[in-house]
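Asker: Contents are JSON, C-alpha atoms (C1' of nucleotides); file name structure12.json:
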```
[["chain", "number", "residue", "atom", "x", "y", "z"],
["A", 22, "MET", "CA", -19.31, 9.94, 2.87],
["A", 23, "GLN", "CA", -19.85, 13.42, 4.22],
["A", 24, "ASN", "CA", -23.03, 15.43, 4.08],
["A", 25, "ASN", "CA", -23.43, 17.71, 1.14],
["A", 26, "PRO", "CA", -21.73, 21.05, 1.64],
["A", 27, "ILE", "CA", -24.10, 23.77, 2.71],
["A", 28, "VAL", "CA", -24.62, 26.36, 0.02],
["A", 29, "GLU", "CA", -26.36, 29.71, 0.13],
["A", 30, "VAL", "CA", -27.19, 31.69, -2.96],
["A", 31, "ASN", "CA", -27.08, 35.48, -2.99],
["A", 32, "LYS", "CA", -26.52, 38.14, -5.61],
["A", 33, "ASN", "CA", -22.71, 38.06, -5.19],
["A", 34, "GLY", "CA", -22.50, 34.37, -5.89],
["A", 35, "LEU", "CA", -22.60, 31.16, -3.92],
["A", 36, "ILE", "CA", -21.59, 31.00, -0.29],
["A", 37, "LEU", "CA", -20.19, 27.65, 0.61],
["A", 38, "ASN", "CA", -19.85, 26.36, 4.12],
["A", 39, "ALA", "CA", -17.54, 23.42, 3.65],
["A", 40, "LYS", "CA", -15.81, 22.77, 6.93],
["A", 41, "GLY", "CA", -12.38, 21.33, 6.48],
["A", 42, "PHE", "CA", -11.83, 22.64, 2.95],
["A", 43, "ASP", "CA", -9.21, 25.35, 2.52],
["A", 44, "PRO", "CA", -9.24, 26.39, -1.14],
["A", 45, "TYR", "CA", -6.16, 28.61, -0.94],
["A", 46, "LYS", "CA", -3.98, 25.85, 0.48],
["A", 47, "SER", "CA", -5.41, 23.50, -2.11],
["A", 48, "PHE", "CA", -4.49, 25.91, -4.90],
["A", 49, "GLU", "CA", -0.96, 26.28, -3.52],
["A", 50, "CYS", "CA", -0.11, 22.65, -2.88],
["A", 51, "GLY", "CA", 1.25, 22.04, -6.35],
["A", 52, "GLN", "CA", -1.59, 19.97, -7.76],
["A", 53, "CYS", "CA", -2.85, 22.61, -10.18],
["A", 54, "PHE", "CA", -1.28, 25.34, -12.27],
["A", 55, "ARG", "CA", -4.22, 27.34, -13.57],
["A", 56, "TRP", "CA", -5.62, 28.92, -10.41],
["A", 57, "GLN", "CA", -4.21, 32.43, -10.35],
["A", 58, "ARG", "CA", -4.13, 34.70, -7.35],
["A", 59, "GLN", "CA", -5.91, 37.97, -8.06],
["A", 60, "PRO", "CA", -4.91, 41.40, -6.75],
["A", 61, "ASP", "CA", -7.59, 41.15, -4.07],
["A", 62, "GLY", "CA", -6.23, 37.83, -2.80],
["A", 63, "SER", "CA", -8.95, 35.65, -4.28],
["A", 64, "TYR", "CA", -8.23, 33.02, -6.95],
["A", 65, "THR", "CA", -9.62, 32.63, -10.43],
["A", 66, "GLY", "CA", -9.20, 29.44, -12.37],
["A", 67, "VAL", "CA", -10.16, 27.79, -15.61],
["A", 68, "VAL", "CA", -11.40, 24.21, -15.53],
["A", 69, "SER", "CA", -12.47, 22.69, -18.86],
["A", 70, "SER", "CA", -14.54, 25.57, -20.28],
["A", 71, "ARG", "CA", -15.60, 27.02, -16.94],
["A", 72, "VAL", "CA", -14.17, 30.05, -15.16],
["A", 73, "LEU", "CA", -14.60, 30.42, -11.42],
["A", 74, "ASN", "CA", -13.50, 32.92, -8.79],
["A", 75, "VAL", "CA", -13.00, 31.68, -5.23],
["A", 76, "ARG", "CA", -12.67, 33.89, -2.18],
["A", 77, "SER", "CA", -12.07, 32.41, 1.23],
["A", 78, "GLU", "CA", -12.68, 34.46, 4.36],
["A", 79, "ASN", "CA", -14.06, 33.98, 7.85],
["A", 80, "GLN", "CA", -14.60, 30.24, 7.39],
["A", 81, "LYS", "CA", -16.80, 30.95, 4.37],
["A", 82, "ILE", "CA", -16.07, 30.45, 0.73],
["A", 83, "LEU", "CA", -17.56, 32.75, -1.89],
["A", 84, "LEU", "CA", -17.84, 31.38, -5.42],
["A", 85, "LYS", "CA", -18.37, 33.75, -8.33],
["A", 86, "GLY", "CA", -19.10, 32.81, -11.92],
["A", 87, "THR", "CA", -21.21, 29.72, -11.35],
["A", 88, "SER", "CA", -24.74, 28.66, -10.49],
["A", 89, "LEU", "CA", -26.18, 26.39, -7.88],
["A", 90, "SER", "CA", -26.88, 23.65, -10.38],
["A", 91, "GLU", "CA", -23.40, 23.85, -11.90],
["A", 92, "PHE", "CA", -21.90, 23.81, -8.43],
["A", 93, "GLN", "CA", -23.78, 20.68, -7.55],
["A", 94, "SER", "CA", -23.19, 18.91, -10.84],
["A", 95, "PHE", "CA", -19.55, 19.93, -11.31],
["A", 96, "TRP", "CA", -17.63, 21.96, -8.75],
["A", 97, "ALA", "CA", -18.56, 19.96, -5.66],
["A", 98, "HIS", "CA", -16.95, 16.91, -7.21],
["A", 99, "TYR", "CA", -14.03, 18.87, -8.67],
["A", 100, "PHE", "CA", -13.15, 20.18, -5.21],
["A", 101, "ASP", "CA", -13.58, 16.68, -3.75],
["A", 102, "LEU", "CA", -16.17, 17.88, -1.24],
["A", 103, "TYR", "CA", -17.70, 14.44, -0.75],
["A", 104, "THR", "CA", -14.57, 12.87, 0.69],
["A", 105, "ASN", "CA", -14.21, 12.65, 4.45],
["A", 106, "TYR", "CA", -10.82, 14.20, 5.15],
["A", 107, "ASP", "CA", -11.17, 13.89, 8.93],
["A", 108, "ALA", "CA", -11.24, 10.15, 8.52],
["A", 109, "ILE", "CA", -8.22, 10.23, 6.19],
["A", 110, "GLN", "CA", -6.24, 12.30, 8.68],
["A", 111, "LYS", "CA", -7.12, 9.97, 11.53],
["A", 112, "ARG", "CA", -5.98, 6.96, 9.53],
["A", 113, "LEU", "CA", -2.72, 8.66, 8.56],
["A", 114, "ILE", "CA", -1.91, 9.71, 12.13],
["A", 115, "HIS", "CA", -2.73, 6.25, 13.37],
["A", 116, "LYS", "CA", -0.32, 4.74, 10.87],
["A", 117, "ALA", "CA", 2.43, 7.33, 11.38],
["A", 118, "PRO", "CA", 2.11, 9.77, 14.30],
["A", 119, "TRP", "CA", 5.03, 11.83, 12.97],
["A", 120, "ILE", "CA", 2.86, 13.09, 10.11],
["A", 121, "LYS", "CA", 0.77, 15.16, 12.54],
["A", 122, "THR", "CA", 2.93, 18.24, 12.03],
["A", 123, "ALA", "CA", 2.54, 18.10, 8.27],
["A", 124, "ILE", "CA", -1.20, 17.53, 8.57],
["A", 125, "SER", "CA", -1.69, 20.52, 10.83],
["A", 126, "SER", "CA", 0.09, 22.80, 8.39],
["A", 127, "GLY", "CA", -1.70, 21.33, 5.37],
["A", 128, "ASN", "CA", -5.07, 20.90, 7.06],
["A", 129, "GLY", "CA", -7.81, 21.83, 4.62],
["A", 130, "ILE", "CA", -6.05, 20.63, 1.48],
["A", 131, "HIS", "CA", -8.31, 18.75, -0.89],
["A", 132, "VAL", "CA", -7.04, 16.73, -3.83],
["A", 133, "PHE", "CA", -9.02, 17.96, -6.82],
["A", 134, "HIS", "CA", -10.49, 15.82, -9.58],
["A", 135, "GLN", "CA", -8.74, 17.28, -12.59],
["A", 136, "ASP", "CA", -8.78, 16.56, -16.29],
["A", 137, "LEU", "CA", -6.41, 13.73, -17.13],
["A", 138, "TRP", "CA", -5.29, 15.21, -20.45],
["A", 139, "GLU", "CA", -4.40, 18.57, -18.94],
["A", 140, "ILE", "CA", -2.58, 16.89, -16.05],
["A", 141, "PHE", "CA", -0.75, 14.59, -18.46],
["A", 142, "ILE", "CA", 0.75, 17.49, -20.40],
["A", 143, "SER", "CA", 1.24, 19.77, -17.40],
["A", 144, "PHE", "CA", 3.30, 17.29, -15.43],
["A", 145, "ILE", "CA", 5.56, 16.44, -18.35],
["A", 146, "ILE", "CA", 6.34, 20.15, -18.42],
["A", 147, "SER", "CA", 6.85, 20.11, -14.65],
["A", 148, "SER", "CA", 9.95, 17.91, -14.56],
["A", 149, "ASN", "CA", 13.02, 19.66, -13.17],
["A", 150, "ASN", "CA", 11.15, 22.94, -13.45],
["A", 151, "ASN", "CA", 9.69, 25.41, -11.00],
["A", 152, "ILE", "CA", 6.03, 26.04, -10.33],
["A", 153, "SER", "CA", 5.85, 29.65, -11.48],
["A", 154, "ARG", "CA", 7.51, 28.82, -14.81],
["A", 155, "ILE", "CA", 5.30, 25.76, -15.29],
["A", 156, "SER", "CA", 2.24, 27.95, -14.75],
["A", 157, "GLN", "CA", 3.55, 30.53, -17.23],
["A", 158, "ILE", "CA", 4.09, 27.93, -19.93],
["A", 159, "ILE", "CA", 0.64, 26.38, -19.42],
["A", 160, "GLU", "CA", -0.96, 29.81, -19.49],
["A", 161, "SER", "CA", 0.73, 30.70, -22.77],
["A", 162, "ILE", "CA", -0.19, 27.45, -24.52],
["A", 163, "SER", "CA", -3.77, 28.04, -23.37],
["A", 164, "GLN", "CA", -3.77, 31.58, -24.72],
["A", 165, "LEU", "CA", -2.26, 30.48, -28.01],
["A", 166, "PHE", "CA", -4.05, 27.19, -28.65],
["A", 167, "GLY", "CA", -7.05, 27.11, -26.30],
["A", 168, "GLU", "CA", -10.41, 28.78, -26.76],
["A", 169, "LYS", "CA", -11.29, 32.16, -25.40],
["A", 170, "LEU", "CA", -14.04, 31.72, -22.85],
["A", 171, "ALA", "CA", -17.03, 33.90, -22.17],
["A", 172, "SER", "CA", -17.07, 34.93, -18.54],
["A", 173, "SER", "CA", -18.54, 37.65, -16.36],
["A", 174, "LEU", "CA", -15.32, 37.69, -14.34],
["A", 175, "PRO", "CA", -12.65, 40.34, -14.99],
["A", 176, "GLY", "CA", -9.79, 39.35, -17.28],
["A", 177, "GLN", "CA", -9.48, 37.11, -20.33],
["A", 178, "TRP", "CA", -9.67, 33.38, -19.84],
["A", 179, "PHE", "CA", -8.68, 30.55, -22.14],
["A", 180, "SER", "CA", -9.37, 26.85, -21.94],
["A", 181, "PHE", "CA", -6.53, 24.34, -21.88],
["A", 182, "PRO", "CA", -6.00, 23.28, -25.53],
["A", 183, "LYS", "CA", -7.49, 20.04, -26.76],
["A", 184, "PRO", "CA", -5.32, 17.13, -27.94],
["A", 185, "ALA", "CA", -6.08, 17.95, -31.60],
["A", 186, "SER", "CA", -4.81, 21.51, -31.11],
["A", 187, "LEU", "CA", -1.50, 20.45, -29.59],
["A", 188, "LYS", "CA", -1.02, 17.73, -32.19],
["A", 189, "GLN", "CA", -0.02, 20.37, -34.72],
["A", 190, "LEU", "CA", 2.93, 21.61, -32.65],
["A", 191, "THR", "CA", 6.41, 20.66, -33.82],
["A", 192, "GLU", "CA", 9.43, 20.31, -31.60],
["A", 193, "LYS", "CA", 10.49, 23.77, -32.68],
["A", 194, "ASP", "CA", 7.08, 25.20, -31.75],
["A", 195, "TRP", "CA", 7.39, 23.69, -28.29],
["A", 196, "ARG", "CA", 10.89, 25.10, -27.87],
["A", 197, "GLU", "CA", 9.57, 28.54, -28.68],
["A", 198, "LEU", "CA", 7.22, 28.09, -25.74],
["A", 199, "ASN", "CA", 10.30, 27.74, -23.51],
["A", 200, "VAL", "CA", 9.81, 24.13, -22.54],
["A", 201, "GLY", "CA", 13.50, 23.55, -23.30],
["A", 202, "TYR", "CA", 14.70, 19.99, -23.64],
["A", 203, "ARG", "CA", 11.20, 18.66, -22.89],
["A", 204, "ALA", "CA", 10.10, 19.66, -26.40],
["A", 205, "PRO", "CA", 10.65, 16.23, -28.02],
["A", 206, "TYR", "CA", 8.98, 14.53, -25.04],
["A", 207, "LEU", "CA", 5.91, 16.69, -25.49],
["A", 208, "VAL", "CA", 5.68, 15.97, -29.22],
["A", 209, "SER", "CA", 5.76, 12.23, -28.62],
["A", 210, "ALA", "CA", 3.49, 12.43, -25.57],
["A", 211, "VAL", "CA", 0.81, 14.25, -27.54],
["A", 212, "ALA", "CA", 1.13, 11.63, -30.26],
["A", 213, "SER", "CA", 0.76, 8.73, -27.84],
["A", 214, "TRP", "CA", -1.99, 10.32, -25.76],
["A", 215, "HIS", "CA", -4.83, 8.53, -27.51],
["A", 216, "LEU", "CA", -3.29, 5.11, -26.95],
["A", 217, "PHE", "CA", -2.53, 5.81, -23.32],
["A", 218, "TYR", "CA", -6.05, 7.13, -22.77],
["A", 219, "GLN", "CA", -7.54, 3.90, -24.08],
["A", 220, "GLU", "CA", -5.23, 1.83, -21.91],
["A", 221, "VAL", "CA", -5.97, 3.78, -18.76],
["A", 222, "ASN", "CA", -9.72, 3.62, -19.35],
["A", 223, "GLU", "CA", -9.55, -0.13, -19.58],
["A", 224, "ILE", "CA", -7.43, -0.30, -16.45],
["A", 225, "LEU", "CA", -9.72, 2.00, -14.46],
["A", 226, "HIS", "CA", -12.78, 0.16, -15.66],
["A", 227, "LEU", "CA", -11.44, -3.23, -14.63],
["A", 228, "LYS", "CA", -10.30, -1.89, -11.27],
["A", 229, "GLY", "CA", -7.86, -4.74, -10.90],
["A", 230, "LYS", "CA", -5.90, -5.18, -7.74],
["A", 231, "ASP", "CA", -2.71, -3.86, -9.32],
["A", 232, "SER", "CA", -4.38, -1.22, -11.48],
["A", 233, "THR", "CA", -2.22, 1.51, -10.00],
["A", 234, "LEU", "CA", 0.96, -0.34, -10.90],
["A", 235, "THR", "CA", -0.34, -1.10, -14.40],
["A", 236, "THR", "CA", -1.21, 2.56, -14.97],
["A", 237, "SER", "CA", 2.23, 3.61, -13.78],
["A", 238, "ARG", "CA", 3.95, 1.20, -16.14],
["A", 239, "SER", "CA", 1.77, 2.37, -19.00],
["A", 240, "LEU", "CA", 2.72, 5.98, -18.29],
["A", 241, "GLN", "CA", 6.43, 5.29, -17.94],
["A", 242, "LYS", "CA", 6.59, 3.84, -21.43],
["A", 243, "ILE", "CA", 6.21, 7.44, -22.61],
["A", 244, "PRO", "CA", 9.51, 9.35, -22.91],
["A", 245, "GLY", "CA", 9.70, 12.18, -20.40],
["A", 246, "ILE", "CA", 7.54, 10.35, -17.87],
["A", 247, "GLY", "CA", 9.42, 8.71, -15.03],
["A", 248, "PRO", "CA", 8.21, 7.49, -11.63],
["A", 249, "LYS", "CA", 7.57, 10.94, -10.18],
["A", 250, "VAL", "CA", 5.65, 12.41, -13.11],
["A", 251, "ALA", "CA", 3.69, 9.17, -13.53],
["A", 252, "SER", "CA", 2.54, 9.21, -9.92],
["A", 253, "CYS", "CA", 1.53, 12.88, -10.17],
["A", 254, "ILE", "CA", -0.53, 12.17, -13.26],
["A", 255, "GLN", "CA", -2.21, 9.32, -11.41],
["A", 256, "LEU", "CA", -2.84, 11.26, -8.21],
["A", 257, "PHE", "CA", -4.20, 14.39, -9.87],
["A", 258, "GLY", "CA", -5.74, 13.00, -13.06],
["A", 259, "THR", "CA", -7.24, 9.66, -12.05],
["A", 260, "PRO", "CA", -9.10, 8.35, -8.98],
["A", 261, "GLN", "CA", -5.96, 6.50, -7.88],
["A", 262, "ARG", "CA", -4.79, 7.70, -4.47],
["A", 263, "ASP", "CA", -2.40, 4.88, -3.62],
["A", 264, "VAL", "CA", 0.60, 6.67, -5.11],
["A", 265, "PHE", "CA", 3.41, 8.65, -3.52],
["A", 266, "PRO", "CA", 5.15, 11.12, -5.83],
["A", 267, "ILE", "CA", 8.65, 11.88, -4.55],
["A", 268, "ASP", "CA", 10.12, 15.22, -5.50],
["A", 269, "VAL", "CA", 12.76, 17.32, -3.77],
["A", 270, "TRP", "CA", 10.30, 18.64, -1.16],
["A", 271, "VAL", "CA", 8.78, 15.31, -0.24],
["A", 272, "ARG", "CA", 12.26, 13.81, -0.05],
["A", 273, "ARG", "CA", 13.25, 16.54, 2.40],
["A", 274, "ALA", "CA", 10.09, 15.98, 4.44],
["A", 275, "MET", "CA", 10.62, 12.22, 4.55],
["A", 276, "MET", "CA", 14.25, 12.65, 5.57],
["A", 277, "HIS", "CA", 13.18, 15.04, 8.29],
["A", 278, "PHE", "CA", 10.27, 13.11, 9.78],
["A", 279, "TYR", "CA", 10.74, 9.51, 8.82],
["A", 280, "ASN", "CA", 14.40, 8.83, 8.23],
["A", 281, "PRO", "CA", 16.33, 11.61, 9.93],
["A", 282, "SER", "CA", 19.62, 9.73, 9.87],
["A", 283, "GLY", "CA", 21.02, 7.94, 6.89],
["A", 284, "LYS", "CA", 20.28, 7.80, 3.23],
["A", 285, "GLN", "CA", 17.53, 6.05, 1.35],
["A", 286, "SER", "CA", 16.86, 5.79, -2.34],
["A", 287, "ASP", "CA", 13.66, 7.21, -3.76],
["A", 288, "LEU", "CA", 12.55, 3.72, -4.65],
["A", 289, "GLN", "CA", 12.92, 2.54, -1.06],
["A", 290, "LEU", "CA", 11.22, 5.68, 0.29],
["A", 291, "GLN", "CA", 8.32, 5.13, -2.06],
["A", 292, "LYS", "CA", 8.00, 1.48, -1.08],
["A", 293, "ASP", "CA", 8.02, 2.41, 2.60],
["A", 294, "ALA", "CA", 5.45, 5.17, 2.12],
["A", 295, "LEU", "CA", 3.11, 2.93, 0.12],
["A", 296, "HIS", "CA", 3.44, 0.19, 2.68],
["A", 297, "LEU", "CA", 2.82, 2.63, 5.51],
["A", 298, "PHE", "CA", -0.03, 4.70, 4.06],
["A", 299, "GLY", "CA", -1.57, 2.31, 1.55],
["A", 300, "ASP", "CA", -4.65, 3.75, -0.14],
["A", 301, "ASP", "CA", -4.10, 7.11, 1.59],
["A", 302, "ALA", "CA", -0.52, 7.58, 0.38],
["A", 303, "GLY", "CA", -1.44, 10.35, -2.05],
["A", 304, "PHE", "CA", -3.04, 12.42, 0.69],
["A", 305, "ALA", "CA", -0.03, 11.90, 2.95],
["A", 306, "GLN", "CA", 2.19, 13.08, 0.14],
["A", 307, "GLN", "CA", 0.15, 16.27, -0.30],
["A", 308, "TYR", "CA", 0.43, 17.17, 3.39],
["A", 309, "LEU", "CA", 4.16, 16.49, 3.34],
["A", 310, "PHE", "CA", 4.71, 18.50, 0.16],
["A", 311, "PHE", "CA", 2.77, 21.48, 1.45],
["A", 312, "HIS", "CA", 4.48, 21.41, 4.81],
["A", 313, "ALA", "CA", 7.96, 21.02, 3.38],
["A", 314, "ARG", "CA", 7.49, 23.89, 0.96],
["A", 315, "SER", "CA", 6.26, 26.27, 3.62],
["A", 316, "TYR", "CA", 8.64, 25.05, 6.32],
["A", 317, "PHE", "CA", 11.92, 24.50, 4.54],
["A", 318, "THR", "CA", 11.76, 27.66, 2.45],
["A", 319, "LYS", "CA", 11.30, 29.86, 5.50],
["A", 320, "HIS", "CA", 13.86, 28.26, 7.81],
["B", 11, "DC", "C1'", 29.88, 32.47, -11.49],
["B", 12, "DC", "C1'", 27.13, 29.33, -8.72],
["B", 13, "DC", "C1'", 22.78, 26.61, -7.28],
["B", 14, "DC", "C1'", 17.99, 25.43, -7.72],
["B", 15, "DA", "C1'", 13.32, 24.00, -9.61],
["B", 16, "DG", "C1'", 7.12, 18.91, -8.40],
["B", 17, "DG", "C1'", 13.11, 14.70, -12.96],
["B", 18, "DT", "C1'", 14.33, 11.86, -16.71],
["B", 19, "DA", "C1'", 17.26, 9.45, -20.04],
["B", 20, "DG", "C1'", 21.26, 7.16, -21.07],
["B", 21, "DG", "C1'", 25.37, 5.52, -19.86],
["B", 22, "DG", "C1'", 28.17, 2.92, -16.65],
["B", 23, "DT", "C1'", 29.20, -0.29, -12.69],
["C", 7, "DA", "C1'", 19.59, -1.64, -7.93],
["C", 8, "DC", "C1'", 22.37, 2.34, -7.64],
["C", 9, "DC", "C1'", 25.48, 6.30, -9.28],
["C", 10, "DC", "C1'", 26.69, 9.86, -12.58],
["C", 11, "DT", "C1'", 25.83, 13.52, -15.79],
["C", 12, "DA", "C1'", 23.53, 16.28, -19.42],
["C", 13, "DC", "C1'", 19.62, 18.54, -20.27],
["C", 14, "DA", "C1'", 16.76, 24.33, -21.39],
["C", 15, "DT", "C1'", 15.35, 28.02, -18.97],
["C", 16, "DG", "C1'", 14.90, 31.67, -15.64],
["C", 17, "DG", "C1'", 15.32, 33.30, -10.82],
["C", 18, "DG", "C1'", 18.02, 34.05, -6.58]]
```
Could you render the structure as structure tokens?

Answerer:
Amino acid sequence: MQNNPIVEVNKNGLILNAKGFDPYKSFECGQCFRWQRQPDGSYTGVVSSRVLNVRSENQKILLKGTSLSEFQSFWAHYFDLYTNYDAIQKRLIHKAPWIKTAISSGNGIHVFHQDLWEIFISFIISSNNNISRISQIIESISQLFGEKLASSLPGQWFSFPKPASLKQLTEKDWRELNVGYRAPYLVSAVASWHLFYQEVNEILHLKGKDSTLTTSRSLQKIPGIGPKVASCIQLFGTPQRDVFPIDVWVRRAMMHFYNPSGKQSDLQLQKDALHLFGDDAGFAQQYLFFHARSYFTKH
DNA sequence: CCCCAGGTAGGGT
DNA sequence: ACCCTACATGGG
């Protein structure tokens, strides 16, 4: 456990000195879809019914739209500021030295503690889709079915809609939101949310040895959720970190660093990664994803 | 016109 | 367990 992040309060907002936390990389590593880059380079995001602006410069982080008490009771946990990432990185490098390159490009990424319901819906939308379109769809369902939030920050901000609000959407409604063939999946996922939520709460409460596997199986009963989406929902929406979502970018990164010659199925890659990284697999995956996206798109 | 994007389902072997 | 293809939509 790390020391509490050092916070100063001034009239512009909160100044956070959290060494090892890079908010911009964290916003861009694919874990969240509602942090939007502003014209001045800062990011504004909506989390539950809160709106926050984050500016990162000169090793300092300026937070606007919150208070010291809300920071301590909510945002510090949301941004995962109590986790020791130095220790995670050391463990990962010890287990697989080849991950060093990915860690140095993704250094500063934190895995946020996000709302399970929002993650559940967002990652069903994410399948075979691209990040900017996913963000657009989530923004429009928030504007249409969420609540307009009061905020001192510029712009209009809407909460992610509650389960009851999305329950009224038909397949046709979803199609009009441009989710394409995922429309029937979303209708049935919204309908089965309550049951899944009960199951996952029991699983997380029991903390059984195979709770991660049980959660994954529970998720994959829902149409539209396969191994990749299930592991994303677990990594970003639950405390489970022993998962390894494999998408096109992570597959490229694994082929490049781990298995440069020859083919391997996703299932085998996932088994290998879980065996190699164990409880830290989710963090390894985030470094690999971030690195692959910045490296392979520019070369 | 093609290929691609934080994949999955359904069919076949 | 693995391979194949269809699937909406928009961007390059």

Asker: As a JSON list (two decimals) with C-alpha atoms, keeping the file's coordinate frame, could you give me every residue of chain A near chain C (at most 9 Å apart, counting all atoms listed in the file)?

Answerer:
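The result, written out as result18.json:
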```json
[["chain", "number", "residue", "atom", "x", "y", "z"],
["A", 150, "ASN", "CA", 11.15, 22.94, -13.45],
["A", 154, "ARG", "CA", 7.51, 28.82, -14.81],
["A", 196, "ARG", "CA", 10.89, 25.10, -27.87],
["A", 199, "ASN", "CA", 10.30, 27.74, -23.51],
["A", 200, "VAL", "CA", 9.81, 24.13, -22.54],
["A", 201, "GLY", "CA", 13.50, 23.55, -23.30],
["A", 202, "TYR", "CA", 14.70, 19.99, -23.64],
["A", 203, "ARG", "CA", 11.20, 18.66, -22.89],
["A", 286, "SER", "CA", 16.86, 5.79, -2.34]]
```

Asker: Can you work out which residues from chain B touch chain A at a cut-off of 8 Å (counting only C-alpha atoms (C1' of nucleotides)) and hand them back as a list in words?

Answerer: DA15, DG16, DG17 and DT18 of chain B

Asker: Between CA of Val264 (chain A) and CA of Ser252 (chain A), what is the distance in Å, rounded to a tenth?

Answerer: 5.8 Å

Asker: How far is it from CA of Trp138 (chain A) to CA of Ala185 (chain A), in Å with one decimal?

Answerer: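 Interatomic distance here is 11.5 Å.
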
Asker: Would you work out the distance separating CA of Pro118 (chain A) from CA of Tyr106 (chain A), expressed in Å to one decimal?

Answerer: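 A separation of 16.4 Å between them.
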
Asker: Please provide the set of residues having any atom within 7 Å of Lys116 (chain A), restricted to only C-alpha atoms (C1' of nucleotides), with same-chain residues fewer than 3 positions apart removed, written as a PyMOL selection string.

Answerer: chain A and resi 112-113+297-298

Asker: Could you pull the residues within 8 Å of Pro44 (chain A), counting all atoms listed in the file, minus those fewer than 6 positions along the same chain, as a short mmCIF file (atom, residue, chain, number, x, y, z; two decimals) with C-alpha atoms, in the frame of the given file?

Answerer:
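What ended up in around_11.cif:
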```cif
data_model
loop_
_atom_site.label_atom_id
_atom_site.label_comp_id
_atom_site.auth_asym_id
_atom_site.auth_seq_id
_atom_site.Cartn_x
_atom_site.Cartn_y
_atom_site.Cartn_z
CA VAL A 75 -13.00 31.68 -5.23
CA SER A 77 -12.07 32.41 1.23
CA GLY A 129 -7.81 21.83 4.62
CA ILE A 130 -6.05 20.63 1.48
CA HIS A 131 -8.31 18.75 -0.89
#
```

Asker: N, CA and C atoms are what I want for region 99-110 of chain A; can you complete it accordingly and write them as a compact mmCIF listing (two decimals), in the frame of the given file?

Answerer:
```txt
# COMPACT_ATOMS: atom_id res chain seq x y z
N TYR A 99 -15.38 18.38 -8.34
CA TYR A 99 -14.03 18.87 -8.67
C TYR A 99 -13.23 19.16 -7.40
N PHE A 100 -13.86 19.83 -6.45
CA PHE A 100 -13.15 20.18 -5.21
C PHE A 100 -13.11 19.03 -4.20
N ASP A 101 -13.62 17.89 -4.59
CA ASP A 101 -13.58 16.68 -3.75
C ASP A 101 -14.29 16.90 -2.42
N LEU A 102 -15.47 17.53 -2.48
CA LEU A 102 -16.17 17.88 -1.24
C LEU A 102 -16.91 16.70 -0.61
N TYR A 103 -16.97 15.57 -1.32
CA TYR A 103 -17.70 14.44 -0.75
C TYR A 103 -16.79 13.46 -0.01
N THR A 104 -15.51 13.77 -0.01
CA THR A 104 -14.57 12.87 0.69
C THR A 104 -14.41 13.32 2.14
N ASN A 105 -14.36 12.35 3.02
CA ASN A 105 -14.21 12.65 4.45
C ASN A 105 -12.72 12.75 4.82
N TYR A 106 -12.24 14.00 4.86
CA TYR A 106 -10.82 14.20 5.15
C TYR A 106 -10.47 13.99 6.62
N ASP A 107 -11.45 14.19 7.52
CA ASP A 107 -11.17 13.89 8.93
C ASP A 107 -10.79 12.43 9.10
N ALA A 108 -11.52 11.58 8.41
CA ALA A 108 -11.24 10.15 8.52
C ALA A 108 -9.87 9.81 7.93
N ILE A 109 -9.54 10.46 6.81
CA ILE A 109 -8.22 10.23 6.19
C ILE A 109 -7.11 10.63 7.16
N GLN A 110 -7.28 11.82 7.76
CA GLN A 110 -6.24 12.30 8.68
C GLN A 110 -6.08 11.38 9.87
```
